[in-house]
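Asker: I am sharing upload.cif, which consists of mmCIF, C-alpha atoms:
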data_entry
#
loop_
_atom_site.label_atom_id
_atom_site.label_comp_id
_atom_site.auth_asym_id
_atom_site.auth_seq_id
_atom_site.Cartn_x
_atom_site.Cartn_y
_atom_site.Cartn_z
CA MET A 1 -3.93 -18.45 -26.90
CA LEU A 2 -1.68 -18.24 -23.86
CA HIS A 3 0.41 -15.09 -23.51
CA GLU A 4 4.09 -15.78 -24.29
CA MET A 5 5.18 -14.82 -20.79
CA MET A 6 3.26 -17.78 -19.35
CA HIS A 7 5.22 -20.44 -21.24
CA ASP A 8 7.61 -22.60 -19.16
CA ILE A 9 6.24 -21.12 -15.92
CA ASP A 10 5.37 -23.29 -12.91
CA ALA A 11 4.56 -20.49 -10.44
CA VAL A 12 3.32 -16.91 -10.50
CA ILE A 13 4.23 -14.63 -7.58
CA PHE A 14 2.49 -11.33 -6.97
CA ASP A 15 3.48 -8.26 -5.10
CA MET A 16 0.26 -7.07 -3.42
CA ASP A 17 -0.10 -3.27 -3.37
CA GLY A 18 -0.29 -1.88 -6.88
CA SER A 19 0.15 -5.29 -8.52
CA LEU A 20 -2.66 -7.48 -7.17
CA VAL A 21 -4.88 -4.73 -5.74
CA ASP A 22 -5.18 -1.04 -6.64
CA SER A 23 -4.03 0.37 -3.30
CA MET A 24 -0.87 2.44 -3.73
CA TRP A 25 -2.84 5.72 -3.57
CA MET A 26 -4.05 4.70 -0.13
CA TRP A 27 -0.64 4.60 1.52
CA ARG A 28 0.19 8.16 0.49
CA ALA A 29 -3.12 9.28 2.00
CA ILE A 30 -2.32 7.41 5.22
CA ASP A 31 1.16 8.95 5.40
CA ILE A 32 -0.30 12.45 5.00
CA GLU A 33 -2.92 11.86 7.69
CA TYR A 34 -0.55 10.16 10.12
CA LEU A 35 2.25 12.74 9.87
CA GLY A 36 -0.33 15.53 9.96
CA ARG A 37 -1.31 14.49 13.47
CA TYR A 38 2.11 15.65 14.60
CA GLY A 39 2.16 18.78 12.47
CA ILE A 40 4.55 17.24 9.95
CA ALA A 41 4.09 17.87 6.22
CA LEU A 42 4.64 14.93 3.87
CA PRO A 43 8.18 15.24 2.44
CA GLU A 44 8.21 15.29 -1.36
CA ASP A 45 10.78 12.49 -1.51
CA LEU A 46 9.28 10.23 1.19
CA GLN A 47 7.76 7.67 -1.19
CA THR A 48 11.07 7.32 -3.03
CA LYS A 49 12.95 6.88 0.26
CA ILE A 50 10.72 4.09 1.58
CA GLU A 51 10.00 2.28 -1.71
CA GLY A 52 10.48 -1.46 -1.29
CA MET A 53 10.91 -1.31 2.48
CA SER A 54 9.05 -3.84 4.60
CA PHE A 55 6.26 -2.68 6.92
CA GLY A 56 8.66 -2.81 9.88
CA GLU A 57 11.50 -1.09 8.02
CA THR A 58 9.14 1.74 7.05
CA ALA A 59 7.96 2.17 10.64
CA ARG A 60 11.58 2.28 11.80
CA TYR A 61 12.35 4.92 9.14
CA PHE A 62 9.45 7.07 10.42
CA LYS A 63 10.62 6.67 14.02
CA GLU A 64 14.20 7.66 13.12
CA HIS A 65 13.39 10.57 10.79
CA PHE A 66 10.33 12.24 12.32
CA PRO A 67 9.56 13.50 15.86
CA ILE A 68 6.94 10.83 16.59
CA PRO A 69 6.31 9.79 20.23
CA GLU A 70 4.87 6.36 19.35
CA SER A 71 7.10 3.29 19.35
CA GLN A 72 7.83 1.38 16.15
CA GLU A 73 5.31 -1.28 17.19
CA GLU A 74 2.66 1.36 17.96
CA ILE A 75 3.24 3.01 14.57
CA MET A 76 2.63 -0.31 12.80
CA GLU A 77 -0.50 -1.01 14.86
CA GLU A 78 -1.90 2.40 13.98
CA TRP A 79 -1.15 1.97 10.27
CA ASN A 80 -2.91 -1.42 10.33
CA ARG A 81 -5.94 0.22 11.91
CA MET A 82 -5.96 3.12 9.43
CA ALA A 83 -5.58 0.80 6.43
CA TRP A 84 -8.12 -1.82 7.52
CA ASP A 85 -11.29 0.02 6.49
CA LYS A 86 -9.77 1.23 3.24
CA TYR A 87 -8.82 -2.33 2.24
CA MET A 88 -12.28 -3.51 3.23
CA TYR A 89 -14.29 -0.95 1.26
CA GLU A 90 -12.13 1.18 -1.07
CA VAL A 91 -9.48 -1.05 -2.65
CA PRO A 92 -10.44 -3.08 -5.75
CA LEU A 93 -8.56 -5.91 -7.40
CA LYS A 94 -6.55 -4.97 -10.47
CA LYS A 95 -8.57 -5.36 -13.67
CA GLY A 96 -8.62 -8.94 -14.95
CA ILE A 97 -7.20 -10.52 -11.76
CA PRO A 98 -10.13 -12.92 -11.04
CA GLU A 99 -9.97 -14.42 -14.54
CA PHE A 100 -6.17 -14.57 -14.49
CA LEU A 101 -6.05 -16.36 -11.11
CA ALA A 102 -8.64 -18.88 -12.33
CA GLY A 103 -6.62 -19.44 -15.50
CA CYS A 104 -3.46 -20.09 -13.51
CA ARG A 105 -5.25 -22.54 -11.24
CA ASP A 106 -6.83 -24.38 -14.16
CA SER A 107 -3.40 -24.65 -15.83
CA GLY A 108 -1.75 -26.07 -12.70
CA ILE A 109 0.35 -22.96 -12.07
CA LYS A 110 1.11 -22.40 -8.38
CA LEU A 111 0.38 -18.96 -6.91
CA GLY A 112 2.13 -16.96 -4.21
CA ILE A 113 2.24 -13.45 -2.73
CA ALA A 114 5.42 -11.59 -1.77
CA THR A 115 4.47 -8.32 -0.06
CA SER A 116 6.27 -5.69 1.99
CA ASN A 117 2.96 -5.12 3.80
CA SER A 118 1.95 -6.57 7.17
CA ARG A 119 0.49 -10.06 7.48
CA VAL A 120 -2.71 -8.85 9.09
CA LEU A 121 -3.41 -6.63 6.07
CA VAL A 122 -2.53 -9.17 3.38
CA GLU A 123 -4.77 -11.70 5.12
CA ASN A 124 -7.50 -9.05 5.24
CA VAL A 125 -7.19 -8.43 1.49
CA ALA A 126 -7.22 -12.17 0.74
CA GLY A 127 -10.37 -12.56 2.82
CA VAL A 128 -12.26 -9.58 1.38
CA HIS A 129 -11.67 -10.70 -2.21
CA ASN A 130 -11.98 -14.46 -1.58
CA LEU A 131 -8.40 -15.13 -2.67
CA ARG A 132 -7.23 -17.52 0.05
CA ASP A 133 -7.96 -20.68 -1.92
CA TYR A 134 -5.76 -19.53 -4.80
CA PHE A 135 -2.51 -18.91 -2.94
CA SER A 136 -0.33 -21.71 -1.55
CA CYS A 137 2.30 -19.39 -0.05
CA ILE A 138 2.08 -15.84 1.31
CA MET A 139 5.21 -14.12 2.62
CA THR A 140 5.52 -10.65 4.12
CA GLY A 141 8.46 -8.38 4.81
CA THR A 142 8.62 -9.62 8.39
CA ASP A 143 9.36 -13.16 7.17
CA VAL A 144 12.72 -12.25 5.61
CA GLU A 145 15.81 -10.33 6.65
CA ARG A 146 15.99 -7.79 3.82
CA GLY A 147 13.28 -5.90 1.95
CA LYS A 148 13.08 -5.28 -1.78
CA PRO A 149 15.17 -4.79 -3.98
CA SER A 150 16.92 -7.69 -2.23
CA PRO A 151 15.63 -11.00 -3.60
CA ASP A 152 14.95 -12.56 -0.17
CA ILE A 153 11.15 -12.49 -0.19
CA TYR A 154 10.81 -13.83 -3.74
CA LEU A 155 13.26 -16.64 -3.08
CA ALA A 156 11.36 -17.49 0.12
CA VAL A 157 8.04 -17.72 -1.73
CA ALA A 158 9.59 -19.86 -4.50
CA GLU A 159 10.94 -22.21 -1.84
CA GLY A 160 7.55 -22.29 -0.13
CA LEU A 161 5.91 -23.20 -3.44
CA GLY A 162 8.57 -25.80 -4.22
CA VAL A 163 9.44 -24.16 -7.55
CA SER A 164 12.90 -23.18 -8.83
CA PRO A 165 13.32 -19.40 -9.32
CA GLU A 166 13.85 -19.62 -13.08
CA ARG A 167 10.39 -21.22 -13.41
CA CYS A 168 8.71 -18.32 -11.58
CA LEU A 169 7.03 -15.25 -13.06
CA VAL A 170 6.75 -12.14 -10.88
CA PHE A 171 4.19 -9.33 -11.21
CA GLU A 172 5.41 -6.02 -9.76
CA ASP A 173 4.45 -2.35 -10.02
CA ILE A 174 7.48 -0.54 -8.53
CA THR A 175 11.12 -0.51 -9.56
CA ALA A 176 12.45 -1.89 -6.24
CA GLY A 177 10.12 -4.88 -6.60
CA ILE A 178 11.05 -5.45 -10.23
CA LEU A 179 14.71 -5.47 -9.22
CA ALA A 180 13.94 -7.90 -6.37
CA GLY A 181 12.38 -10.34 -8.82
CA LYS A 182 15.24 -10.01 -11.28
CA ASN A 183 17.79 -10.38 -8.46
CA ALA A 184 16.03 -13.64 -7.54
CA GLY A 185 16.64 -14.96 -11.07
CA MET A 186 12.98 -14.80 -12.03
CA ARG A 187 11.17 -13.39 -15.02
CA VAL A 188 9.32 -10.19 -14.16
CA CYS A 189 6.27 -8.52 -15.64
CA ALA A 190 5.82 -4.86 -14.72
CA VAL A 191 2.25 -3.76 -14.02
CA GLU A 192 0.84 -0.34 -14.94
CA ASP A 193 -0.11 1.73 -11.90
CA ASP A 194 -0.95 5.43 -11.64
CA TYR A 195 1.19 5.75 -8.52
CA SER A 196 4.39 4.89 -10.42
CA ALA A 197 3.44 6.47 -13.76
CA GLN A 198 6.55 8.70 -13.74
CA PHE A 199 8.71 5.57 -13.75
CA ARG A 200 6.84 3.84 -16.58
CA GLU A 201 9.76 3.82 -19.04
CA LEU A 202 12.23 2.64 -16.39
CA LYS A 203 9.85 -0.16 -15.41
CA LYS A 204 9.60 -1.26 -19.03
CA GLU A 205 13.39 -1.19 -19.30
CA LEU A 206 13.98 -3.25 -16.13
CA ALA A 207 11.22 -5.85 -16.61
CA ASP A 208 10.89 -8.67 -19.12
CA TYR A 209 7.28 -7.79 -19.90
CA TYR A 210 4.82 -4.95 -19.28
CA ILE A 211 1.03 -5.05 -18.98
CA GLU A 212 -1.69 -2.40 -18.59
CA ASP A 213 -3.82 -4.96 -16.72
CA TYR A 214 -4.42 -8.72 -16.57
CA THR A 215 -7.13 -8.89 -19.21
CA GLY A 216 -6.58 -11.50 -21.91
CA LEU A 217 -3.51 -13.24 -20.51
CA PHE A 218 -5.51 -16.47 -20.66
CA VAL A 219 -7.67 -16.60 -23.77
#
With the file now loaded, output its structure as structure tokens.

Answerer:
Amino acid sequence: MLHEMMHDIDAVIFDMDGSLVDSMWMWRAIDIEYLGRYGIALPEDLQTKIEGMSFGETARYFKEHFPIPESQEEIMEEWNRMAWDKYMYEVPLKKGIPEFLAGCRDSGIKLGIATSNSRVLVENVAGVHNLRDYFSCIMTGTDVERGKPSPDIYLAVAEGLGVSPERCLVFEDITAGILAGKNAGMRVCAVEDDYSAQFRELKKELADYYIEDYTGLFV
């Protein structure tokens, strides 16, 4: 039996980090290592400050708020390099994703990705996990003017898929992303993730649905 959230849906759009792949832990580790090079301790509130920002917006925030000699472009290049190996060898797909993607494809549901991450990294993830054939549209934060919680990236993916927003279902793990999907007029399913565990109740409140993982959504 098909899960109720899948009824009247023509497209499913995924956030990447924390929703499609289990990678949110990695970015905190990278922030600690990168700032540590300049003798800077990771601020307690940093993750809250940058939540939902695009890759470029985050690099600009670092440049403006920390004494870092590298340019914004150099910061992004270094983050790509630091993240590459981790995505290649240490980041798994969320539980149940392969079966769920196959179920969507078999049901004629279009698939897209809307990520704040860089294009080189989302393409890397798609390649490592053999996902390219599933997704008709992949958008990154650099493709739109405003990052999450603005709806820009979700509306852009819906347009790329040729599906009206109200026929789209979004999977998101952070509150800024959930709000972005809702602001786009889409239904949103919040995804459990250890990184955002302290916001679990808020995520449930903001989203239309909530899942621990993708197991059993197509039965």

Asker: Carefully work through the PyMOL selection byres ((chain A and resi 131-137) around 12) for this structure and note down the residues it includes, as number ranges by chain.

Answerer: A: 11-14, 16, 20-21, 93, 97-106, 108-115, 122-130, 138-140, 143, 153-163

Asker: Care to translate the PyMOL selection byres ((chain A and resi 49-65) around 8) into actual residues of this file, as a PyMOL selection string?

Answerer: chain A and resi 45-48+66-68+70-73+75-76+115-118+140-142+147-149+174+176-177

Asker: Applied to the shown file, which residues does the PyMOL selection byres ((chain A and resi 206-211) around 12) return, written as a ChimeraX atom specification?

Answerer: /A:3-6,19,94-96,169-183,185-193,199-205,212-217

Asker: Just to confirm, what's the straight-line distance from atom CA of Ile32 of chain A to atom CA of Leu121 of chain A in Å (one decimal)?

Answerer: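 Between atom CA of Ile32 of chain A and atom CA of Leu121 of chain A the gap works out to 19.4 Å.
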
Asker: Determine, counting only C-alpha atoms, which protein, DNA and RNA residues have an atom within 10 Å of an atom of Asp31 of chain A; residues of the same chain fewer than 3 positions away are not included. Present the result as a ChimeraX atom specification.

Answerer: /A:26-28,34-36,41-43,46-47,62,79
